[in-house]
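Source file: query-v7.cif; contents: mmCIF, C-alpha atoms.
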data_data
#
loop_
_atom_site.group_PDB
_atom_site.id
_atom_site.type_symbol
_atom_site.label_atom_id
_atom_site.label_comp_id
_atom_site.auth_asym_id
_atom_site.auth_seq_id
_atom_site.Cartn_x
_atom_site.Cartn_y
_atom_site.Cartn_z
ATOM 1 C CA MET A 1 -35.702 11.736 -70.901
ATOM 2 C CA LYS A 2 -33.089 11.500 -68.160
ATOM 3 C CA ARG A 3 -33.106 15.247 -67.733
ATOM 4 C CA MET A 4 -36.816 15.233 -67.299
ATOM 5 C CA PHE A 5 -36.585 12.567 -64.596
ATOM 6 C CA PHE A 6 -34.189 14.589 -62.515
ATOM 7 C CA LYS A 7 -36.079 17.759 -63.094
ATOM 8 C CA GLY A 8 -38.748 16.479 -60.769
ATOM 9 C CA LYS A 9 -38.974 17.252 -57.042
ATOM 10 C CA LYS A 10 -35.627 17.506 -55.344
ATOM 11 C CA PRO A 11 -35.444 15.489 -52.106
ATOM 12 C CA LYS A 12 -35.339 17.738 -49.057
ATOM 13 C CA LYS A 13 -31.909 17.954 -47.364
ATOM 14 C CA GLU A 14 -32.217 16.712 -43.803
ATOM 15 C CA ALA A 15 -29.571 16.834 -41.115
ATOM 16 C CA MET A 16 -28.172 13.332 -40.541
ATOM 17 C CA ASP A 17 -29.036 11.973 -37.132
ATOM 18 C CA LEU A 18 -26.318 9.977 -35.379
ATOM 19 C CA ASP A 19 -27.482 7.483 -32.804
ATOM 20 C CA ILE A 20 -24.997 7.974 -29.978
ATOM 21 C CA THR A 21 -26.836 5.883 -27.387
ATOM 22 C CA SER A 22 -24.388 2.949 -27.667
ATOM 23 C CA LEU A 23 -21.393 5.321 -27.491
ATOM 24 C CA LEU A 24 -22.834 6.879 -24.353
ATOM 25 C CA ASP A 25 -23.312 3.401 -22.833
ATOM 26 C CA VAL A 26 -19.645 2.550 -23.456
ATOM 27 C CA LEU A 27 -18.495 5.877 -22.036
ATOM 28 C CA VAL A 28 -20.537 5.425 -18.883
ATOM 29 C CA ILE A 29 -19.165 1.901 -18.358
ATOM 30 C CA LEU A 30 -15.594 3.190 -18.893
ATOM 31 C CA LEU A 31 -16.216 6.058 -16.501
ATOM 32 C CA VAL A 32 -17.534 3.746 -13.760
ATOM 33 C CA PHE A 33 -14.579 1.374 -14.228
ATOM 34 C CA LEU A 34 -12.042 4.200 -14.060
ATOM 35 C CA LEU A 35 -13.715 5.796 -11.052
ATOM 36 C CA LYS A 36 -13.667 2.409 -9.279
ATOM 37 C CA SER A 37 -9.954 1.951 -9.934
ATOM 38 C CA TYR A 38 -9.033 5.537 -9.015
ATOM 39 C CA ASN A 39 -6.473 5.778 -6.247
ATOM 40 C CA ALA A 40 -6.208 9.022 -4.309
ATOM 41 C CA SER A 41 -2.685 8.233 -3.106
ATOM 42 C CA ASN A 42 0.044 10.648 -4.176
ATOM 43 C CA LEU A 43 2.519 7.794 -4.487
ATOM 44 C CA LYS A 44 3.198 6.946 -8.114
ATOM 45 C CA LEU A 45 5.012 3.679 -8.416
ATOM 46 C CA ASN A 46 6.507 2.130 -11.544
ATOM 47 C CA LEU A 47 7.440 -1.384 -10.604
ATOM 48 C CA VAL A 48 10.692 -2.654 -12.078
ATOM 49 C CA LYS A 49 10.927 -5.942 -13.958
ATOM 50 C CA ASP A 50 11.087 -9.181 -11.915
ATOM 51 C CA LEU A 51 9.432 -7.659 -8.893
ATOM 52 C CA VAL A 52 6.194 -8.989 -7.428
ATOM 53 C CA ILE A 53 4.980 -7.201 -4.340
ATOM 54 C CA PRO A 54 3.158 -9.263 -1.693
ATOM 55 C CA ASN A 55 -0.567 -9.052 -0.953
ATOM 56 C CA SER A 56 -1.723 -7.528 2.287
ATOM 57 C CA VAL A 57 -4.881 -6.462 4.080
ATOM 58 C CA ALA A 58 -3.258 -3.107 4.936
ATOM 59 C CA ARG A 59 -5.335 -0.132 3.803
ATOM 60 C CA THR A 60 -3.065 2.825 4.530
ATOM 61 C CA MET A 61 -2.437 4.936 1.433
ATOM 62 C CA GLY A 62 1.154 5.389 0.323
ATOM 63 C CA ASP A 63 2.843 8.795 0.327
ATOM 64 C CA HIS A 64 5.452 10.366 -1.882
ATOM 65 C CA ALA A 65 9.017 9.670 -0.705
ATOM 66 C CA VAL A 66 12.274 8.145 -1.916
ATOM 67 C CA ILE A 67 11.533 4.719 -3.424
ATOM 68 C CA VAL A 68 13.955 1.832 -3.038
ATOM 69 C CA GLN A 69 13.100 -1.288 -5.011
ATOM 70 C CA VAL A 70 14.761 -4.706 -4.740
ATOM 71 C CA ASP A 71 13.808 -7.301 -7.345
ATOM 72 C CA LYS A 72 13.995 -11.077 -6.925
ATOM 73 C CA ASN A 73 17.596 -11.128 -8.247
ATOM 74 C CA LYS A 74 18.561 -8.629 -5.527
ATOM 75 C CA ASN A 75 19.088 -5.765 -7.966
ATOM 76 C CA LEU A 76 18.699 -2.384 -6.329
ATOM 77 C CA TYR A 77 16.824 0.589 -7.757
ATOM 78 C CA VAL A 78 16.583 4.032 -6.160
ATOM 79 C CA ASN A 79 13.807 6.180 -7.630
ATOM 80 C CA ASN A 80 13.645 3.736 -10.566
ATOM 81 C CA LYS A 81 17.346 4.078 -11.408
ATOM 82 C CA PRO A 82 19.476 0.909 -11.114
ATOM 83 C CA VAL A 83 22.292 1.396 -8.599
ATOM 84 C CA GLY A 84 23.752 -2.097 -8.259
ATOM 85 C CA MET A 85 23.229 -5.276 -6.333
ATOM 86 C CA ILE A 86 22.978 -6.287 -2.721
ATOM 87 C CA THR A 87 25.760 -8.517 -1.467
ATOM 88 C CA ARG A 88 24.999 -11.948 -0.083
ATOM 89 C CA SER A 89 25.359 -10.703 3.486
ATOM 90 C CA GLY A 90 22.729 -8.029 2.840
ATOM 91 C CA GLU A 91 25.122 -5.081 2.883
ATOM 92 C CA SER A 92 24.822 -2.451 0.172
ATOM 93 C CA PRO A 93 27.460 0.311 -0.017
ATOM 94 C CA VAL A 94 25.976 1.392 -3.374
ATOM 95 C CA LEU A 95 22.642 2.056 -1.705
ATOM 96 C CA LEU A 96 24.367 4.073 1.015
ATOM 97 C CA GLU A 97 26.025 6.248 -1.630
ATOM 98 C CA ALA A 98 22.824 6.647 -3.653
ATOM 99 C CA LEU A 99 20.761 7.673 -0.621
ATOM 100 C CA LYS A 100 23.490 10.017 0.628
ATOM 101 C CA SER A 101 23.672 11.725 -2.779
ATOM 102 C CA ILE A 102 19.897 12.346 -2.737
ATOM 103 C CA LYS A 103 20.233 14.244 0.539
ATOM 104 C CA GLU A 104 23.450 16.035 -0.421
ATOM 105 C CA ASN A 105 22.518 17.089 -3.953
ATOM 106 C CA THR A 106 19.465 19.076 -2.997
ATOM 107 C CA ASP A 107 18.752 22.514 -1.622
ATOM 108 C CA ILE A 108 15.219 21.643 -0.586
ATOM 109 C CA ALA A 109 15.056 21.503 3.199
ATOM 110 C CA GLU A 110 12.206 19.006 3.148
ATOM 111 C CA VAL A 111 14.231 16.489 1.135
ATOM 112 C CA LYS A 112 17.262 16.957 3.388
ATOM 113 C CA ALA A 113 15.220 16.353 6.520
ATOM 114 C CA ALA A 114 13.078 13.551 5.085
ATOM 115 C CA LYS A 115 12.769 10.475 7.259
ATOM 116 C CA ARG A 116 10.254 8.525 5.227
ATOM 117 C CA ILE A 117 11.369 5.922 2.694
ATOM 118 C CA ASN A 118 9.233 3.612 0.568
ATOM 119 C CA LEU A 119 10.645 0.100 0.457
ATOM 120 C CA VAL A 120 9.442 -2.116 -2.376
ATOM 121 C CA PHE A 121 10.696 -5.664 -2.018
ATOM 122 C CA ASP A 122 9.987 -8.706 -4.133
ATOM 123 C CA GLU A 123 7.867 -11.194 -2.179
ATOM 124 C CA GLN A 124 10.636 -13.824 -2.264
ATOM 125 C CA ILE A 125 13.334 -11.602 -0.771
ATOM 126 C CA PRO A 126 14.835 -13.060 2.436
ATOM 127 C CA TYR A 127 14.962 -11.066 5.650
ATOM 128 C CA ASN A 128 18.733 -10.502 5.572
ATOM 129 C CA VAL A 129 18.286 -8.384 2.425
ATOM 130 C CA MET A 130 15.441 -6.418 4.041
ATOM 131 C CA LYS A 131 17.565 -5.948 7.131
ATOM 132 C CA GLY A 132 20.493 -4.662 5.073
ATOM 133 C CA VAL A 133 18.322 -2.128 3.230
ATOM 134 C CA MET A 134 16.623 -0.942 6.443
ATOM 135 C CA HIS A 135 19.941 -0.628 8.252
ATOM 136 C CA THR A 136 21.531 1.330 5.379
ATOM 137 C CA SER A 137 18.477 3.616 5.089
ATOM 138 C CA ALA A 138 18.550 4.304 8.826
ATOM 139 C CA LEU A 139 22.254 5.229 8.594
ATOM 140 C CA VAL A 140 21.398 7.981 6.093
ATOM 141 C CA GLY A 141 18.518 9.230 8.243
ATOM 142 C CA TYR A 142 15.555 7.465 6.668
ATOM 143 C CA THR A 143 14.119 5.904 9.802
ATOM 144 C CA GLU A 144 10.439 5.681 8.840
ATOM 145 C CA PHE A 145 10.165 2.604 6.656
ATOM 146 C CA LYS A 146 7.046 2.166 4.544
ATOM 147 C CA PHE A 147 6.723 -1.306 3.086
ATOM 148 C CA ILE A 148 4.761 -1.128 -0.123
ATOM 149 C CA VAL A 149 2.222 -3.923 -0.561
ATOM 150 C CA LYS A 150 -0.552 -4.831 -2.966
ATOM 151 C CA GLY A 151 -4.085 -4.295 -1.778
ATOM 152 C CA ASN A 152 -6.290 -6.170 -4.242
ATOM 153 C CA TYR A 153 -6.483 -9.242 -2.042
ATOM 154 C CA MET B 1 -59.155 18.804 -39.738
ATOM 155 C CA ARG B 2 -55.539 17.677 -39.870
ATOM 156 C CA ARG B 3 -53.823 17.082 -36.572
ATOM 157 C CA LYS B 4 -50.332 18.425 -36.034
ATOM 158 C CA ILE B 5 -47.736 15.737 -35.393
ATOM 159 C CA ALA B 6 -45.959 16.547 -32.140
ATOM 160 C CA LYS B 7 -42.211 16.669 -32.715
ATOM 161 C CA THR B 8 -40.081 15.073 -29.974
ATOM 162 C CA GLN B 9 -37.574 17.479 -28.503
ATOM 163 C CA LYS B 10 -33.988 16.225 -28.725
ATOM 164 C CA LEU B 11 -31.542 16.765 -25.895
ATOM 165 C CA ASN B 12 -28.289 18.445 -26.781
ATOM 166 C CA LEU B 13 -25.766 15.937 -25.472
ATOM 167 C CA ILE B 14 -22.640 17.538 -26.898
ATOM 168 C CA PRO B 15 -21.558 19.490 -23.747
ATOM 169 C CA ILE B 16 -22.023 16.484 -21.479
ATOM 170 C CA LEU B 17 -20.099 14.294 -23.911
ATOM 171 C CA ASP B 18 -17.257 16.811 -23.897
ATOM 172 C CA ALA B 19 -17.187 16.765 -20.095
ATOM 173 C CA ILE B 20 -17.217 12.946 -19.978
ATOM 174 C CA PHE B 21 -14.332 12.744 -22.467
ATOM 175 C CA ILE B 22 -12.219 15.151 -20.419
ATOM 176 C CA PHE B 23 -13.043 13.228 -17.231
ATOM 177 C CA ILE B 24 -12.072 9.931 -18.881
ATOM 178 C CA PHE B 25 -8.744 11.326 -20.078
ATOM 179 C CA PHE B 26 -7.981 12.626 -16.591
ATOM 180 C CA LEU B 27 -8.832 9.249 -15.027
ATOM 181 C CA LEU B 28 -6.856 7.312 -17.642
ATOM 182 C CA MET B 29 -3.794 9.458 -17.057
ATOM 183 C CA SER B 30 -3.947 9.061 -13.281
ATOM 184 C CA ALA B 31 -4.973 5.405 -13.276
ATOM 185 C CA GLN B 32 -2.888 2.908 -11.355
ATOM 186 C CA PHE B 33 -4.315 -0.511 -11.900
ATOM 187 C CA ILE B 34 -2.881 -2.135 -8.807
ATOM 188 C CA ASP B 35 -3.975 -0.858 -5.424
ATOM 189 C CA ILE B 36 -0.869 0.109 -3.535
ATOM 190 C CA TYR B 37 -0.824 0.480 0.213
ATOM 191 C CA GLN B 38 1.844 0.781 2.869
ATOM 192 C CA ILE B 39 2.776 -0.892 6.123
ATOM 193 C CA GLY B 40 4.669 1.457 8.413
ATOM 194 C CA SER B 41 7.592 0.479 10.591
ATOM 195 C CA ASP B 42 10.031 2.685 12.451
ATOM 196 C CA ALA B 43 13.674 2.023 13.122
ATOM 197 C CA PRO B 44 14.137 1.093 16.789
ATOM 198 C CA ILE B 45 15.357 3.833 19.114
ATOM 199 C CA THR B 46 16.927 3.066 22.462
ATOM 200 C CA SER B 47 16.292 5.341 25.422
ATOM 201 C CA THR B 48 16.791 5.147 29.132
ATOM 202 C CA THR B 49 14.364 6.274 31.795
ATOM 203 C CA ASN B 50 14.389 6.361 35.554
ATOM 204 C CA LYS B 51 10.627 6.224 35.792
ATOM 205 C CA LYS B 52 9.351 3.279 37.737
ATOM 206 C CA MET B 53 6.833 1.304 35.701
ATOM 207 C CA GLU B 54 3.472 0.460 37.292
ATOM 208 C CA LYS B 55 3.119 -2.702 35.297
ATOM 209 C CA GLU B 56 5.757 -4.743 33.508
ATOM 210 C CA PRO B 57 5.600 -3.882 29.775
ATOM 211 C CA LEU B 58 4.255 -6.506 27.414
ATOM 212 C CA ASN B 59 7.309 -6.325 25.128
ATOM 213 C CA LEU B 60 5.563 -8.538 22.566
ATOM 214 C CA THR B 61 8.164 -10.288 20.434
ATOM 215 C CA LEU B 62 7.508 -12.584 17.483
ATOM 216 C CA GLU B 63 10.362 -14.830 16.469
ATOM 217 C CA LEU B 64 9.935 -16.174 12.945
ATOM 218 C CA LYS B 65 11.993 -19.187 11.956
ATOM 219 C CA GLY B 66 11.299 -21.813 9.303
ATOM 220 C CA GLU B 67 7.565 -22.433 9.572
ATOM 221 C CA SER B 68 7.207 -21.506 13.241
ATOM 222 C CA ILE B 69 6.206 -18.327 15.021
ATOM 223 C CA ALA B 70 7.277 -18.057 18.656
ATOM 224 C CA VAL B 71 5.315 -15.460 20.622
ATOM 225 C CA LYS B 72 7.348 -14.142 23.539
ATOM 226 C CA THR B 73 6.377 -11.602 26.185
ATOM 227 C CA GLY B 74 8.000 -9.623 28.981
ATOM 228 C CA LEU B 75 11.443 -8.130 29.373
ATOM 229 C CA ASP B 76 12.937 -11.604 29.816
ATOM 230 C CA GLU B 77 11.218 -12.729 26.549
ATOM 231 C CA LYS B 78 9.314 -15.587 28.146
ATOM 232 C CA LEU B 79 7.781 -17.978 25.593
ATOM 233 C CA TYR B 80 4.007 -17.418 25.527
ATOM 234 C CA LYS B 81 2.907 -19.679 22.672
ATOM 235 C CA THR B 82 4.228 -21.197 19.450
ATOM 236 C CA TYR B 83 2.361 -21.430 16.150
ATOM 237 C CA THR B 84 3.061 -22.495 12.606
ATOM 238 C CA LEU B 85 2.425 -20.381 9.514
ATOM 239 C CA SER B 86 -0.756 -22.377 8.848
ATOM 240 C CA GLN B 87 -2.130 -21.345 12.273
ATOM 241 C CA LEU B 88 -2.243 -17.594 11.695
ATOM 242 C CA GLY B 89 -5.911 -17.457 12.752
ATOM 243 C CA GLN B 90 -4.993 -18.934 16.130
ATOM 244 C CA LEU B 91 -2.103 -16.480 16.437
ATOM 245 C CA ASN B 92 -4.581 -13.661 15.831
ATOM 246 C CA GLU B 93 -6.878 -14.988 18.589
ATOM 247 C CA ALA B 94 -3.961 -15.224 21.031
ATOM 248 C CA LEU B 95 -2.983 -11.641 20.223
ATOM 249 C CA ILE B 96 -6.589 -10.518 20.866
ATOM 250 C CA GLU B 97 -6.307 -12.028 24.355
ATOM 251 C CA LEU B 98 -2.987 -10.250 24.942
ATOM 252 C CA LYS B 99 -4.468 -6.949 23.722
ATOM 253 C CA LYS B 100 -7.328 -7.333 26.213
ATOM 254 C CA GLN B 101 -4.783 -7.727 29.017
ATOM 255 C CA TYR B 102 -2.600 -4.853 27.797
ATOM 256 C CA PRO B 103 -4.970 -2.385 26.059
ATOM 257 C CA LYS B 104 -2.399 0.441 26.033
ATOM 258 C CA GLU B 105 0.297 -1.584 24.297
ATOM 259 C CA SER B 106 0.500 -1.211 20.528
ATOM 260 C CA SER B 107 3.998 -2.365 19.571
ATOM 261 C CA ALA B 108 5.227 -5.705 18.325
ATOM 262 C CA ILE B 109 8.872 -6.575 17.757
ATOM 263 C CA PHE B 110 9.630 -8.870 14.832
ATOM 264 C CA LYS B 111 12.704 -11.086 14.852
ATOM 265 C CA PRO B 112 12.706 -13.055 11.613
ATOM 266 C CA ALA B 113 15.443 -15.553 10.733
ATOM 267 C CA HIS B 114 17.867 -14.311 8.055
ATOM 268 C CA ASN B 115 16.293 -16.510 5.334
ATOM 269 C CA PHE B 116 12.623 -15.868 6.250
ATOM 270 C CA GLN B 117 10.740 -14.706 3.147
ATOM 271 C CA TYR B 118 9.199 -11.241 2.877
ATOM 272 C CA ASN B 119 5.705 -12.409 1.842
ATOM 273 C CA LYS B 120 5.511 -14.629 4.955
ATOM 274 C CA ILE B 121 6.586 -11.679 7.123
ATOM 275 C CA VAL B 122 3.800 -9.558 5.573
ATOM 276 C CA LYS B 123 1.235 -12.289 6.334
ATOM 277 C CA VAL B 124 2.311 -12.416 9.999
ATOM 278 C CA ILE B 125 2.243 -8.598 10.168
ATOM 279 C CA ASP B 126 -1.335 -8.615 8.793
ATOM 280 C CA HIS B 127 -2.406 -10.974 11.589
ATOM 281 C CA THR B 128 -0.554 -8.921 14.219
ATOM 282 C CA ARG B 129 -1.795 -5.446 13.270
ATOM 283 C CA GLU B 130 -5.534 -6.072 13.338
ATOM 284 C CA ILE B 131 -8.311 -8.555 14.048
ATOM 285 C CA THR B 132 -8.870 -10.656 10.947
ATOM 286 C CA ASN B 133 -12.292 -12.030 11.914
ATOM 287 C CA PRO B 134 -14.813 -9.522 10.465
ATOM 288 C CA THR B 135 -17.331 -10.088 13.274
ATOM 289 C CA VAL B 136 -14.920 -9.624 16.195
ATOM 290 C CA PHE B 137 -14.140 -6.235 17.710
ATOM 291 C CA ILE B 138 -12.440 -5.122 20.887
ATOM 292 C CA THR B 139 -13.258 -2.114 23.027
ATOM 293 C CA GLU B 140 -10.794 0.719 23.014
ATOM 294 C CA LEU B 141 -10.762 4.106 24.715
ATOM 295 C CA ASP B 142 -10.534 7.144 22.449
ATOM 296 C CA GLU B 143 -8.870 10.495 23.320
ATOM 297 C CA GLN B 144 -11.923 11.584 25.306
ATOM 298 C CA ASN B 145 -12.004 8.280 27.232
ATOM 299 C CA ARG B 146 -15.088 7.048 25.403
ATOM 300 C CA LYS B 147 -15.398 3.359 24.620
ATOM 301 C CA ILE B 148 -15.202 2.592 20.921
ATOM 302 C CA ALA B 149 -15.193 -0.645 18.943
ATOM 303 C CA SER B 150 -11.869 -1.262 17.274
ATOM 304 C CA LYS B 151 -10.067 -3.850 15.171
ATOM 305 C CA LYS B 152 -6.572 -2.585 15.994
ATOM 306 C CA LEU B 153 -4.172 -4.934 17.785
ATOM 307 C CA PHE B 154 -0.426 -4.243 17.706
ATOM 308 C CA ASP B 155 -0.018 -1.876 14.766
ATOM 309 C CA LYS B 156 3.422 -0.468 15.547
ATOM 310 C CA ILE B 157 5.797 -2.938 13.935
ATOM 311 C CA ILE B 158 9.456 -2.822 14.873
ATOM 312 C CA PHE B 159 12.095 -4.948 13.203
ATOM 313 C CA GLU B 160 15.289 -6.044 14.806
ATOM 314 C CA THR B 161 17.846 -4.530 12.477
ATOM 315 C CA GLN B 162 20.950 -5.776 14.233
ATOM 316 C CA ASP B 163 21.876 -9.222 15.574
#

Would you kindly transcribe this structure into structure tokens?
Amino acid sequence: MKRMFFKGKKPKKEAMDLDITSLLDVLVILLVFLLKSYNASNLKLNLVKDLVIPNSVARTMGDHAVIVQVDKNKNLYVNNKPVGMITRSGESPVLLEALKSIKENTDIAEVKAAKRINLVFDEQIPYNVMKGVMHTSALVGYTEFKFIVKGNY
Amino acid sequence: MRRKIAKTQKLNLIPILDAIFIFIFFLLMSAQFIDIYQIGSDAPITSTTNKKMEKEPLNLTLELKGESIAVKTGLDEKLYKTYTLSQLGQLNEALIELKKQYPKESSAIFKPAHNFQYNKIVKVIDHTREITNPTVFITELDEQNRKIASKKLFDKIIFETQD
């Protein structure tokens, strides 16, 4: 009996149709969001912990250069590597050594002659710390200071 | 007579989906979710010149202390006006007036007190570099001496690095 039932017409095999309309909608939304948040700047910045950069109306794109970061506890980072702390007076011999070693330990002429330095300070940092970092950077030859700020105002 | 049912043609979306996926991966890898910008400032350089100046330079100096901003002008740093941090709009208006008097000047010297916070300095810089009112423009001469509308005020910021 059973055999007879299945011996009847076999259902035709049809290719399964996936409805990808909703997937396409999600992809388009994701694409628009990512395109909107795309930044053409060649400066890639990984902010260290305990560092909040201030807001600004400045709209000049950042450029690749040596990055010095100072968090709210006055810890110093050069190219994301911790180098020590800034003294209360704002002086930083460790920064001087770190910046000197960048220029000395390279054969690339561009790096040796570089004047630009990206300074990333926490928004609560007092001016004496800024002054110390700028003064030390200028001593090594980095005389073009670029203060990194947040643009989404 | 039986009518033929017209079959709807389906678009082949696979190549475009491939392209979108690659594009999304590229954008995700290069995404930086905070907009980062820079404010430029050069270390001060001292130089001497024997040239006689036609007009006394503006020598715009902003002294930042506590909550006050003292605007000083001239080589003898004469006090022009004083503002508080809550009067940044008025400071911007005063700087527009100074820019009209000295259209060729573009530098401002900042002298913050040793304990003056960085975020406050950035706010003052924002109000010194350009006109904040979106409807106000000033006339500037371009390289070919043509008049152009501009929002630039004193965009070359110099910090006093030594006491």

Give as a compact mmCIF listing (two decimals) with C-alpha atoms, in the frame of the given file the residues that the PyMOL selection byres ((chain A) within 7 of (chain B)) matches when applied to the coordinates above.
# COMPACT_ATOMS: atom_id res chain seq x y z
CA LEU A 31 -16.22 6.06 -16.50
CA LEU A 34 -12.04 4.20 -14.06
CA SER A 37 -9.95 1.95 -9.93
CA TYR A 38 -9.03 5.54 -9.02
CA ASN A 39 -6.47 5.78 -6.25
CA PRO A 54 3.16 -9.26 -1.69
CA SER A 56 -1.72 -7.53 2.29
CA VAL A 57 -4.88 -6.46 4.08
CA ALA A 58 -3.26 -3.11 4.94
CA ARG A 59 -5.34 -0.13 3.80
CA THR A 60 -3.06 2.82 4.53
CA MET A 61 -2.44 4.94 1.43
CA GLY A 62 1.15 5.39 0.32
CA GLU A 123 7.87 -11.19 -2.18
CA GLN A 124 10.64 -13.82 -2.26
CA ILE A 125 13.33 -11.60 -0.77
CA PRO A 126 14.84 -13.06 2.44
CA TYR A 127 14.96 -11.07 5.65
CA ASN A 128 18.73 -10.50 5.57
CA LYS A 131 17.57 -5.95 7.13
CA HIS A 135 19.94 -0.63 8.25
CA ALA A 138 18.55 4.30 8.83
CA THR A 143 14.12 5.90 9.80
CA GLU A 144 10.44 5.68 8.84
CA PHE A 145 10.16 2.60 6.66
CA LYS A 146 7.05 2.17 4.54
CA PHE A 147 6.72 -1.31 3.09
CA ILE A 148 4.76 -1.13 -0.12
CA VAL A 149 2.22 -3.92 -0.56
CA LYS A 150 -0.55 -4.83 -2.97
CA GLY A 151 -4.08 -4.30 -1.78
CA ASN A 152 -6.29 -6.17 -4.24

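Atom CA of Glu56 of chain B to atom CA of Met134 of chain A spans 29.4 Å [interatomic distance, one decimal].
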
Discussion item. Calculated over all atoms listed in the file, which of the candidates B:Met29, B:Val136, B:Ile109, B:Leu85 has the smallest distance to Lys152 of chain B?
Written reply: B:Val136

Discussion item. If we draw a sphere of 9 Å around (10.6, -10.7, 28.4), which residues have at least one atom in it when counting only C-alpha atoms? Please report them as number ranges by chain.
Written reply: B: 57-61, 72-79

Discussion item. Since I can't run it myself right now, could you work out what the PyMOL selection byres ((chain B and resi 90-93) around 9) selects here and report it as a ChimeraX atom specification?
Written reply: /B:69,71,81-84,87-89,94-98,124,127-128,130-133,153

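The two atoms in question, atom CA of Val83 of chain A and atom CA of Ala98 of chain A, are spaced 7.2 Å apart.
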
Worksheet item: If you count only C-alpha atoms, which residues fall within 9 Å of Tyr142 of chain A, apart from same-chain ones fewer than 5 positions away, as a list in words?
Response: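 Within the cut-off, the hits are Leu99, Ala113, Ala114, Lys115, Arg116, Ile117, Met134, Thr136 and Ser137 of chain A; Ala43 of chain B.
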
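Counting all atoms listed in the file and comparing A:Val120, A:Leu139, A:Val66, A:Val48, the residue that lies closest to Pro93 of chain A is A:Leu139.
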
Item to complete: Kindly give the distance, in Å, that separates atom CA of Lys112 of chain A and atom CA of Ser41 of chain A, rounded to a single decimal.
Response: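 Interatomic distance, atom CA of Lys112 of chain A to atom CA of Ser41 of chain A: 22.7 Å.
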
Worksheet entry | Pick from B:Lys99, B:Ile16, B:Lys10, B:Ala108 nearest to Ile157 of chain B, counting only C-alpha atoms |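 Ranking B:Lys99, B:Ile16, B:Lys10, B:Ala108 by distance to Ile157 of chain B, first place goes to B:Ala108.
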
Output as lines of an AutoDock Vina configuration file the centre and edge lengths (Å, one decimal) of the box along x, y and z of the file that holds every listed atom of segment 129-135 of chain A after adding 6 Å on each side.
center_x = 18.0
center_y = -4.5
center_z = 5.3
size_x = 17.1
size_y = 19.8
size_z = 17.8

Discussion item. Suppose a student applies the PyMOL selection byres ((chain A and resi 64) around 8) to this structure; what residues should they get, written as JSON, numbers by chain?
Written reply: {"A": [42, 43, 44, 62, 63, 65, 66]}
